[in-house]
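A.B. asks: start-v1.pdb is reproduced below (PDB, C-alpha atoms and all ligand atoms).
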```
ATOM      1  CA  MET P   1       0.000   0.000   0.000  1.00  0.00           C
ATOM      2  CA  ALA P   2       1.792   3.108  -1.229  1.00  0.00           C
ATOM      3  CA  VAL P   3      -0.309   5.674   0.567  1.00  0.00           C
ATOM      4  CA  MET P   4      -2.252   5.136   3.760  1.00  0.00           C
ATOM      5  CA  ARG P   5      -5.652   6.519   3.089  1.00  0.00           C
ATOM      6  CA  ARG P   6      -6.714   9.444   5.219  1.00  0.00           C
ATOM      7  CA  ARG P   7      -9.745   7.791   6.768  1.00  0.00           C
ATOM      8  CA  ALA P   8      -7.591   4.817   7.726  1.00  0.00           C
ATOM      9  CA  PHE P   9      -5.163   7.264   9.330  1.00  0.00           C
ATOM     10  CA  LEU P  10      -7.940   8.839  11.384  1.00  0.00           C
ATOM     11  CA  LEU P  11      -8.770   5.422  12.811  1.00  0.00           C
ATOM     12  CA  THR P  12      -5.186   4.440  13.595  1.00  0.00           C
ATOM     13  CA  ALA P  13      -4.545   7.902  15.067  1.00  0.00           C
ATOM     14  CA  VAL P  14      -6.884   7.115  17.950  1.00  0.00           C
ATOM     15  CA  LEU P  15      -4.678   4.159  18.896  1.00  0.00           C
ATOM     16  CA  PRO P  16      -1.414   5.964  19.831  1.00  0.00           C
ATOM     17  CA  THR P  17      -0.319   3.382  22.421  1.00  0.00           C
ATOM     18  CA  VAL P  18      -0.506   0.539  19.949  1.00  0.00           C
ATOM     19  CA  ALA P  19       1.170   2.670  17.289  1.00  0.00           C
ATOM     20  CA  ALA P  20       4.100   3.613  19.514  1.00  0.00           C
ATOM     21  CA  SER P  21       4.854   0.244  21.041  1.00  0.00           C
ATOM     22  CA  HIS P  22       4.061  -2.213  18.251  1.00  0.00           C
ATOM     23  CA  PRO P  23       5.089  -0.886  14.810  1.00  0.00           C
ATOM     24  CA  SER P  24       4.377  -4.193  13.055  1.00  0.00           C
ATOM     25  CA  ARG P  25       0.960  -4.406  14.664  1.00  0.00           C
ATOM     26  CA  THR P  26       0.372  -0.816  13.526  1.00  0.00           C
ATOM     27  CA  ARG P  27       1.051  -1.779   9.919  1.00  0.00           C
ATOM     28  CA  GLN P  28      -1.369  -4.660  10.274  1.00  0.00           C
ATOM     29  CA  LYS P  29      -3.924  -2.257  11.775  1.00  0.00           C
ATOM     30  CA  GLU P  30      -3.478   0.115   8.819  1.00  0.00           C
ATOM     31  CA  ARG P  31      -4.245  -2.730   6.422  1.00  0.00           C
ATOM     32  CA  ASP P  32      -7.216  -3.815   8.504  1.00  0.00           C
ATOM     33  CA  THR P  33      -8.716  -0.318   8.608  1.00  0.00           C
ATOM     34  CA  GLU P  34      -8.050   0.690   5.004  1.00  0.00           C
ATOM     35  CA  VAL P  35     -11.239   1.968   3.427  1.00  0.00           C
ATOM     36  CA  GLY P  36     -11.995   0.857  -0.116  1.00  0.00           C
ATOM     37  CA  PRO P  37     -14.091   2.834  -2.617  1.00  0.00           C
ATOM     38  CA  VAL P  38     -17.302   0.888  -1.926  1.00  0.00           C
ATOM     39  CA  GLU P  39     -17.064   1.476   1.822  1.00  0.00           C
ATOM     40  CA  ASP P  40     -16.336   5.144   1.054  1.00  0.00           C
ATOM     41  CA  LEU P  41     -19.555   5.375  -0.955  1.00  0.00           C
ATOM     42  CA  MET P  42     -21.526   3.568   1.756  1.00  0.00           C
ATOM     43  CA  ARG P  43     -20.205   5.847   4.509  1.00  0.00           C
ATOM     44  CA  GLU P  44     -21.288   8.781   2.375  1.00  0.00           C
ATOM     45  CA  HIS P  45     -24.752   7.198   2.239  1.00  0.00           C
ATOM     46  CA  GLY P  46     -24.634   7.088   6.047  1.00  0.00           C
ATOM     47  CA  LEU P  47     -23.984  10.820   6.040  1.00  0.00           C
ATOM     48  CA  LEU P  48     -26.883  11.365   3.633  1.00  0.00           C
ATOM     49  CA  ASP P  49     -29.114   9.238   5.922  1.00  0.00           C
ATOM     50  CA  ARG P  50     -28.378  11.670   8.725  1.00  0.00           C
ATOM     51  CA  VAL P  51     -29.430  14.580   6.496  1.00  0.00           C
ATOM     52  CA  LEU P  52     -32.655  12.680   5.729  1.00  0.00           C
ATOM     53  CA  LEU P  53     -33.331  12.477   9.493  1.00  0.00           C
ATOM     54  CA  VAL P  54     -32.876  16.259   9.651  1.00  0.00           C
ATOM     55  CA  TYR P  55     -35.366  16.680   6.794  1.00  0.00           C
ATOM     56  CA  ASP P  56     -37.772  14.303   8.639  1.00  0.00           C
ATOM     57  CA  GLU P  57     -37.560  16.524  11.710  1.00  0.00           C
ATOM     58  CA  VAL P  58     -38.360  19.665   9.697  1.00  0.00           C
ATOM     59  CA  VAL P  59     -41.311  17.863   8.067  1.00  0.00           C
ATOM     60  CA  ARG P  60     -42.538  16.768  11.503  1.00  0.00           C
ATOM     61  CA  ARG P  61     -42.338  20.337  12.843  1.00  0.00           C
ATOM     62  CA  MET P  62     -44.072  21.795   9.769  1.00  0.00           C
ATOM     63  CA  ARG P  63     -46.895  19.257   9.990  1.00  0.00           C
ATOM     64  CA  ALA P  64     -47.279  19.827  13.757  1.00  0.00           C
ATOM     65  CA  GLY P  65     -47.334  23.610  13.259  1.00  0.00           C
ATOM     66  CA  GLU P  66     -44.268  23.980  15.510  1.00  0.00           C
ATOM     67  CA  LYS P  67     -41.806  26.827  15.132  1.00  0.00           C
ATOM     68  CA  TRP P  68     -38.531  25.931  13.463  1.00  0.00           C
ATOM     69  CA  ASP P  69     -35.437  27.830  12.404  1.00  0.00           C
ATOM     70  CA  PRO P  70     -34.851  27.672   8.620  1.00  0.00           C
ATOM     71  CA  ALA P  71     -31.088  28.376   8.925  1.00  0.00           C
ATOM     72  CA  PRO P  72     -29.974  24.832   9.871  1.00  0.00           C
ATOM     73  CA  LEU P  73     -32.126  23.392   7.068  1.00  0.00           C
ATOM     74  CA  GLN P  74     -30.335  25.745   4.666  1.00  0.00           C
ATOM     75  CA  ARG P  75     -26.997  24.424   5.955  1.00  0.00           C
ATOM     76  CA  ALA P  76     -28.150  20.828   5.473  1.00  0.00           C
ATOM     77  CA  ALA P  77     -29.349  21.456   1.904  1.00  0.00           C
ATOM     78  CA  THR P  78     -26.099  23.266   1.079  1.00  0.00           C
ATOM     79  CA  LEU P  79     -24.193  20.231   2.394  1.00  0.00           C
ATOM     80  CA  VAL P  80     -26.276  17.968   0.138  1.00  0.00           C
ATOM     81  CA  GLN P  81     -25.484  20.202  -2.819  1.00  0.00           C
ATOM     82  CA  GLU P  82     -21.746  20.460  -2.121  1.00  0.00           C
ATOM     83  CA  PHE P  83     -20.918  17.010  -0.787  1.00  0.00           C
ATOM     84  CA  VAL P  84     -23.626  14.596  -1.962  1.00  0.00           C
ATOM     85  CA  GLU P  85     -24.473  16.012  -5.385  1.00  0.00           C
ATOM     86  CA  SER P  86     -21.186  17.585  -6.463  1.00  0.00           C
ATOM     87  CA  TYR P  87     -18.913  14.886  -5.018  1.00  0.00           C
ATOM     88  CA  HIS P  88     -20.581  11.552  -4.145  1.00  0.00           C
ATOM     89  CA  GLU P  89     -23.060  11.477  -7.023  1.00  0.00           C
ATOM     90  CA  LYS P  90     -20.567  12.945  -9.463  1.00  0.00           C
ATOM     91  CA  ASN P  91     -18.194  10.097  -8.572  1.00  0.00           C
ATOM     92  CA  GLU P  92     -20.961   7.565  -9.182  1.00  0.00           C
ATOM     93  CA  GLU P  93     -21.814   9.192 -12.521  1.00  0.00           C
ATOM     94  CA  GLN P  94     -18.199   9.409 -13.703  1.00  0.00           C
ATOM     95  CA  PHE P  95     -16.610   6.253 -12.285  1.00  0.00           C
ATOM     96  CA  VAL P  96     -19.287   3.742 -11.221  1.00  0.00           C
ATOM     97  CA  PHE P  97     -22.277   3.937 -13.575  1.00  0.00           C
ATOM     98  CA  PRO P  98     -20.167   3.786 -16.797  1.00  0.00           C
ATOM     99  CA  ARG P  99     -18.777   0.384 -15.679  1.00  0.00           C
ATOM    100  CA  PHE P 100     -22.315  -0.996 -15.818  1.00  0.00           C
ATOM    101  CA  GLU P 101     -23.364   0.963 -18.909  1.00  0.00           C
ATOM    102  CA  THR P 102     -20.499  -0.194 -21.124  1.00  0.00           C
ATOM    103  CA  LYS P 103     -21.142  -3.848 -20.182  1.00  0.00           C
ATOM    104  CA  GLU P 104     -24.931  -3.443 -20.250  1.00  0.00           C
ATOM    105  CA  VAL P 105     -25.255  -4.793 -16.710  1.00  0.00           C
ATOM    106  CA  LEU P 106     -28.172  -3.622 -14.502  1.00  0.00           C
ATOM    107  CA  SER P 107     -29.001  -1.096 -17.245  1.00  0.00           C
ATOM    108  CA  GLU P 108     -32.523  -0.290 -16.097  1.00  0.00           C
ATOM    109  CA  LEU P 109     -31.390   0.243 -12.500  1.00  0.00           C
ATOM    110  CA  VAL P 110     -28.507   2.507 -13.542  1.00  0.00           C
ATOM    111  CA  GLY P 111     -30.827   4.525 -15.807  1.00  0.00           C
ATOM    112  CA  THR P 112     -33.202   5.109 -12.895  1.00  0.00           C
ATOM    113  CA  LEU P 113     -30.347   5.989 -10.516  1.00  0.00           C
ATOM    114  CA  ARG P 114     -29.012   8.579 -13.000  1.00  0.00           C
ATOM    115  CA  ALA P 115     -32.483  10.098 -13.453  1.00  0.00           C
ATOM    116  CA  GLN P 116     -32.960  10.236  -9.671  1.00  0.00           C
ATOM    117  CA  HIS P 117     -29.726  12.202  -9.251  1.00  0.00           C
ATOM    118  CA  GLN P 118     -31.219  14.829 -11.546  1.00  0.00           C
ATOM    119  CA  GLU P 119     -34.518  14.788  -9.658  1.00  0.00           C
ATOM    120  CA  GLY P 120     -32.577  15.134  -6.391  1.00  0.00           C
ATOM    121  CA  ARG P 121     -30.736  18.212  -7.695  1.00  0.00           C
ATOM    122  CA  ARG P 122     -34.055  19.771  -8.730  1.00  0.00           C
ATOM    123  CA  LEU P 123     -35.572  19.110  -5.293  1.00  0.00           C
ATOM    124  CA  THR P 124     -32.494  20.516  -3.518  1.00  0.00           C
ATOM    125  CA  GLN P 125     -32.864  23.750  -5.505  1.00  0.00           C
ATOM    126  CA  GLN P 126     -36.469  23.970  -4.350  1.00  0.00           C
ATOM    127  CA  ILE P 127     -35.494  23.258  -0.725  1.00  0.00           C
ATOM    128  CA  LEU P 128     -32.754  25.913  -0.857  1.00  0.00           C
ATOM    129  CA  HIS P 129     -35.239  28.451  -2.234  1.00  0.00           C
ATOM    130  CA  GLN P 130     -38.035  27.260   0.080  1.00  0.00           C
ATOM    131  CA  GLN P 131     -40.292  26.532  -2.889  1.00  0.00           C
ATOM    132  CA  ARG P 132     -42.909  23.825  -2.309  1.00  0.00           C
ATOM    133  CA  LEU P 133     -40.822  23.080   0.772  1.00  0.00           C
ATOM    134  CA  LEU P 134     -42.932  20.406   2.473  1.00  0.00           C
ATOM    135  CA  PRO P 135     -43.564  18.223  -0.618  1.00  0.00           C
ATOM    136  CA  SER P 136     -39.957  18.740  -1.771  1.00  0.00           C
ATOM    137  CA  LEU P 137     -38.591  17.481   1.565  1.00  0.00           C
ATOM    138  CA  GLU P 138     -40.962  14.505   1.575  1.00  0.00           C
ATOM    139  CA  GLN P 139     -40.205  13.580  -2.044  1.00  0.00           C
ATOM    140  CA  PHE P 140     -36.468  13.889  -1.404  1.00  0.00           C
ATOM    141  CA  THR P 141     -36.435  11.627   1.674  1.00  0.00           C
ATOM    142  CA  ARG P 142     -38.705   9.033   0.074  1.00  0.00           C
ATOM    143  CA  MET P 143     -36.661   8.849  -3.118  1.00  0.00           C
ATOM    144  CA  TYR P 144     -33.226   8.794  -1.477  1.00  0.00           C
ATOM    145  CA  ARG P 145     -34.041   6.042   1.031  1.00  0.00           C
ATOM    146  CA  ALA P 146     -34.994   3.807  -1.895  1.00  0.00           C
ATOM    147  CA  HIS P 147     -32.110   5.058  -4.047  1.00  0.00           C
ATOM    148  CA  THR P 148     -29.287   4.432  -1.571  1.00  0.00           C
ATOM    149  CA  ALA P 149     -30.784   1.094  -0.467  1.00  0.00           C
ATOM    150  CA  ARG P 150     -30.647  -0.131  -4.096  1.00  0.00           C
ATOM    151  CA  GLU P 151     -27.100   1.141  -4.542  1.00  0.00           C
ATOM    152  CA  ASP P 152     -25.964  -0.522  -1.304  1.00  0.00           C
ATOM    153  CA  THR P 153     -27.644  -3.883  -1.915  1.00  0.00           C
ATOM    154  CA  LEU P 154     -27.603  -4.276  -5.712  1.00  0.00           C
ATOM    155  CA  LEU P 155     -25.228  -1.885  -7.465  1.00  0.00           C
ATOM    156  CA  PHE P 156     -22.183  -1.792  -5.200  1.00  0.00           C
ATOM    157  CA  PRO P 157     -22.002  -5.591  -4.620  1.00  0.00           C
ATOM    158  CA  ALA P 158     -22.102  -6.066  -8.408  1.00  0.00           C
ATOM    159  CA  LEU P 159     -19.190  -3.648  -8.819  1.00  0.00           C
ATOM    160  CA  TYR P 160     -16.857  -6.286  -7.346  1.00  0.00           C
ATOM    161  CA  LYS P 161     -17.726  -8.531 -10.301  1.00  0.00           C
ATOM    162  CA  LEU P 162     -16.947  -5.818 -12.847  1.00  0.00           C
ATOM    163  CA  MET P 163     -13.660  -4.483 -11.449  1.00  0.00           C
ATOM    164  CA  THR P 164     -10.386  -6.124 -10.505  1.00  0.00           C
ATOM    165  CA  LYS P 165      -8.845  -5.633  -7.072  1.00  0.00           C
ATOM    166  CA  ARG P 166      -6.251  -3.289  -8.601  1.00  0.00           C
ATOM    167  CA  GLU P 167      -8.933  -1.241 -10.386  1.00  0.00           C
ATOM    168  CA  LEU P 168     -10.846  -0.926  -7.122  1.00  0.00           C
ATOM    169  CA  GLU P 169      -7.684   0.272  -5.348  1.00  0.00           C
ATOM    170  CA  GLN P 170      -7.097   2.847  -8.081  1.00  0.00           C
ATOM    171  CA  LEU P 171     -10.708   3.993  -7.815  1.00  0.00           C
ATOM    172  CA  GLY P 172     -10.296   4.415  -4.045  1.00  0.00           C
ATOM    173  CA  GLU P 173      -7.175   6.530  -4.608  1.00  0.00           C
ATOM    174  CA  ARG P 174      -9.021   8.636  -7.204  1.00  0.00           C
ATOM    175  CA  PHE P 175     -11.904   9.263  -4.767  1.00  0.00           C
ATOM    176  CA  GLU P 176      -9.375  10.287  -2.133  1.00  0.00           C
ATOM    177  CA  GLU P 177      -7.632  12.771  -4.444  1.00  0.00           C
ATOM    178  CA  ILE P 178     -10.927  14.366  -5.417  1.00  0.00           C
ATOM    179  CA  GLU P 179     -12.072  14.507  -1.785  1.00  0.00           C
ATOM    180  CA  HIS P 180      -8.895  16.371  -0.832  1.00  0.00           C
ATOM    181  CA  SER P 181      -9.749  19.083  -3.358  1.00  0.00           C
ATOM    182  CA  LEU P 182     -13.162  19.725  -1.787  1.00  0.00           C
ATOM    183  CA  PRO P 183     -13.839  22.729   0.436  1.00  0.00           C
ATOM    184  CA  ARG P 184     -15.369  20.247   2.911  1.00  0.00           C
ATOM    185  CA  ASP P 185     -14.096  16.675   3.123  1.00  0.00           C
ATOM    186  CA  PHE P 186     -15.984  13.757   4.712  1.00  0.00           C
ATOM    187  CA  GLU P 187     -14.910  14.549   8.276  1.00  0.00           C
ATOM    188  CA  LYS P 188     -15.890  18.218   7.935  1.00  0.00           C
ATOM    189  CA  ALA P 189     -19.181  17.219   6.289  1.00  0.00           C
ATOM    190  CA  LEU P 190     -19.888  14.951   9.289  1.00  0.00           C
ATOM    191  CA  ASP P 191     -19.164  17.844  11.667  1.00  0.00           C
ATOM    192  CA  GLU P 192     -21.591  19.999   9.698  1.00  0.00           C
ATOM    193  CA  VAL P 193     -24.435  17.477   9.803  1.00  0.00           C
ATOM    194  CA  ALA P 194     -23.817  16.950  13.543  1.00  0.00           C
ATOM    195  CA  ALA P 195     -24.126  20.720  14.100  1.00  0.00           C
ATOM    196  CA  VAL P 196     -27.420  20.800  12.192  1.00  0.00           C
ATOM    197  CA  GLU P 197     -28.750  17.803  14.169  1.00  0.00           C
ATOM    198  CA  LYS P 198     -27.847  19.606  17.395  1.00  0.00           C
ATOM    199  CA  ALA P 199     -29.643  22.776  16.233  1.00  0.00           C
ATOM    200  CA  TYR P 200     -32.869  20.769  15.794  1.00  0.00           C
ATOM    201  CA  GLY P 201     -32.429  18.825  19.063  1.00  0.00           C
ATOM    202  CA  ILE P 202     -31.878  15.454  17.381  1.00  0.00           C
ATOM    203  CA  GLY P 203     -28.144  15.204  18.026  1.00  0.00           C
ATOM    204  CA  ASP P 204     -28.404  12.415  20.604  1.00  0.00           C
ATOM    205  CA  LEU P 205     -28.864   8.925  19.181  1.00  0.00           C
ATOM    206  CA  SER P 206     -30.940   8.035  22.265  1.00  0.00           C
ATOM    207  CA  LYS P 207     -33.640  10.457  21.008  1.00  0.00           C
ATOM    208  CA  PHE P 208     -34.502   7.820  18.396  1.00  0.00           C
ATOM    209  CA  SER P 209     -35.081   5.017  20.944  1.00  0.00           C
ATOM    210  CA  PRO P 210     -38.698   4.040  21.716  1.00  0.00           C
ATOM    211  CA  VAL P 211     -40.124   5.829  24.754  1.00  0.00           C
TER     212      VAL P 211
HETATM  213 FE    FE R 301     -26.679   7.539  -6.497  1.00  0.00          FE
HETATM  214 FE    FE R 302     -24.941   6.905  -3.831  1.00  0.00          FE
END
```
Translate the structure described by the file into structure tokens.
Ligand SMILES: [Fe+2]
Ligand SMILES: [Fe+2]
C.D. replies:
Amino acid sequence: MAVMRRRAFLLTAVLPTVAASHPSRTRQKERDTEVGPVEDLMREHGLLDRVLLVYDEVVRRMRAGEKWDPAPLQRAATLVQEFVESYHEKNEEQFVFPRFETKEVLSELVGTLRAQHQEGRRLTQQILHQQRLLPSLEQFTRMYRAHTAREDTLLFPALYKLMTKRELEQLGERFEEIEHSLPRDFEKALDEVAAVEKAYGIGDLSKFSPV
């Protein structure tokens, strides 16, 4: 492994004792925690899921007639635009979907996924401009839960059949290079979604447990 990927580094960095006293074990740990391109994409779906929970909370407040601050919603939609649409989905469109399209594998699914990216961008514009806000939020959350579930369970597993191990490694490195050029990388995007969750009082995981 020529370059230890940044997310792997973040994980090993929290284990300083192991790193200092057992260099060989550290190298093993680096290999164990290396994040491939598919796990990258799935973690990004996890981030999007957290935005969907924010949108759910705004929908709940709107339907209940409760007061809510539009500023955190604006931050969440901006994060979707910058990180999900301009990075995650762009990567899928440029590096993942063409693998299926050229080999005519899962063609119908990939066609729908591409179309849904465009629909998502349209809905995000409406959310940012507070146009048809309630239906736009509901359509967005409904579509993306189905969209990411299909990518996670059908598309990404099939990618392993279409790409060699080396090609997957190169794809992971490409994703990493692009991520480094972003104004907000994955870790900063996570911080942003956590701040928005906190603003709407849904920052604690325990809030989602049955009462
Ligand atoms: Fe997608
Ligand atoms: Fe995706």
A.B. asks: Which residues match the PyMOL selection byres (((chain P and resi 179) around 12) and not hetatm) in the file above, as JSON, numbers by chain?
C.D. replies: {"P": [5, 6, 7, 37, 40, 41, 44, 82, 83, 84, 86, 87, 88, 90, 91, 172, 173, 174, 175, 176, 177, 178, 180, 181, 182, 183, 184, 185, 186, 187, 188, 189]}
A.B. asks: To one decimal place, how far is atom CA of Leu155 of chain P from atom CA of Leu79 of chain P in Å?
C.D. replies: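 Taking atom CA of Leu155 of chain P as the start and atom CA of Leu79 of chain P as the end point, the length is 24.2 Å.
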A.B. asks: Which is closest to ligand FE 301 (chain R) among P:Ala199, P:Leu48, P:Ala64, P:Leu73, if we use all atoms listed in the file?
C.D. replies: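 Among the listed residues, the smallest separation from ligand FE 301 (chain R) belongs to P:Leu48.
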A.B. asks: In Å, with one decimal, what is the gap from atom CA of Leu109 of chain P to atom CA of Leu47 of chain P?
C.D. replies: 22.6 Å
A.B. asks: Between atom CA of Phe140 of chain P and atom CA of Gly120 of chain P, measure the distance and give it in Å to one decimal.
C.D. replies: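 Distance between the two atoms: 6.4 Å.
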A.B. asks: With ligand FE 301 (chain R) as the partner and 8 Å as the cut-off, tabulate the residues of chain P that qualify, each row holding the nearest pair of atoms and their distance in Å to one decimal, using all atoms listed in the file, sorted by chain and rising number, as CSV.
C.D. replies:
```
residue,atom,partner,partner_atom,distance
P:His88,CA,R:FE301,FE,7.7
P:Glu89,CA,R:FE301,FE,5.4
P:Glu92,CA,R:FE301,FE,6.3
P:Glu93,CA,R:FE301,FE,7.9
P:Leu113,CA,R:FE301,FE,5.7
P:Arg114,CA,R:FE301,FE,7.0
P:Gln116,CA,R:FE301,FE,7.5
P:His117,CA,R:FE301,FE,6.2
P:His147,CA,R:FE301,FE,6.5
P:Thr148,CA,R:FE301,FE,6.4
P:Glu151,CA,R:FE301,FE,6.7
```
A.B. asks: Enumerate, as a list in words, the residues matched when the PyMOL selection byres (((chain P and resi 152) around 12) and not hetatm) is run on the file above.
C.D. replies: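 For this structure, the PyMOL selection byres (((chain P and resi 152) around 12) and not hetatm) captures Val38, Glu39, Asp40, Leu41, Met42, Arg43, Glu44, His45, Gly46, Tyr144, Arg145, Ala146, His147, Thr148, Ala149, Arg150, Glu151, Thr153, Leu154, Leu155, Phe156, Pro157, Ala158 and Leu159 of chain P.
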A.B. asks: Find the residue from P:Leu171, P:Leu162, P:Val196, P:Val211 that sits nearest to Arg50 of chain P; use all atoms listed in the file when measuring.
C.D. replies: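 Ranked by minimum distance to Arg50 of chain P, first place goes to P:Val196.
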A.B. asks: With distances taken over all atoms listed in the file, which residue among P:Thr102, P:Gln94, P:Thr78, P:Gln170 lies nearest Thr124 of chain P?
C.D. replies: P:Thr78
A.B. asks: Considering all atoms listed in the file, state which residue in the set P:Arg75, P:Lys207, P:Lys161, P:Arg63 is at the smallest distance from Leu133 of chain P.
C.D. replies: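 Result for the nearest residue to Leu133 of chain P: P:Arg63.
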A.B. asks: Neighbouring residues of Pro72 of chain P were defined as those with any atom within 12 Å, considering only C-alpha atoms; residues of the same chain fewer than 4 positions away were excluded. Please report them as a list in words.
C.D. replies: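 My reading of the contact set: Val51, Val54, Tyr55, Glu57, Val58, Trp68, Ala76, Ala77, Thr78, Leu79, Leu128, Glu192, Val193, Ala194, Ala195, Val196, Glu197, Lys198, Ala199, Tyr200 and Gly201 of chain P.
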A.B. asks: Expand the PyMOL selection byres (((chain P and resi 138) around 10) and not hetatm) into the individual residues it matches in the shown file, reporting them as a PyMOL selection string.
C.D. replies: chain P and resi 52+55-56+58-59+123+133-137+139-143
A.B. asks: Here is a test: counting all atoms listed in the file, which residue of P:Glu34, P:Arg61, P:Glu85, P:Lys67 is nearest to ligand FE 302 (chain R)?
C.D. replies: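 Among the listed residues, P:Glu85 lies closest to ligand FE 302 (chain R).
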A.B. asks: Using all atoms listed in the file, pick whichever of P:Leu190, P:Ile127, P:Leu168, P:Val96 has the shortest atom-to-atom distance to ligand FE 302 (chain R).
C.D. replies: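 That would be P:Val96, the residue with the smallest distance to ligand FE 302 (chain R).
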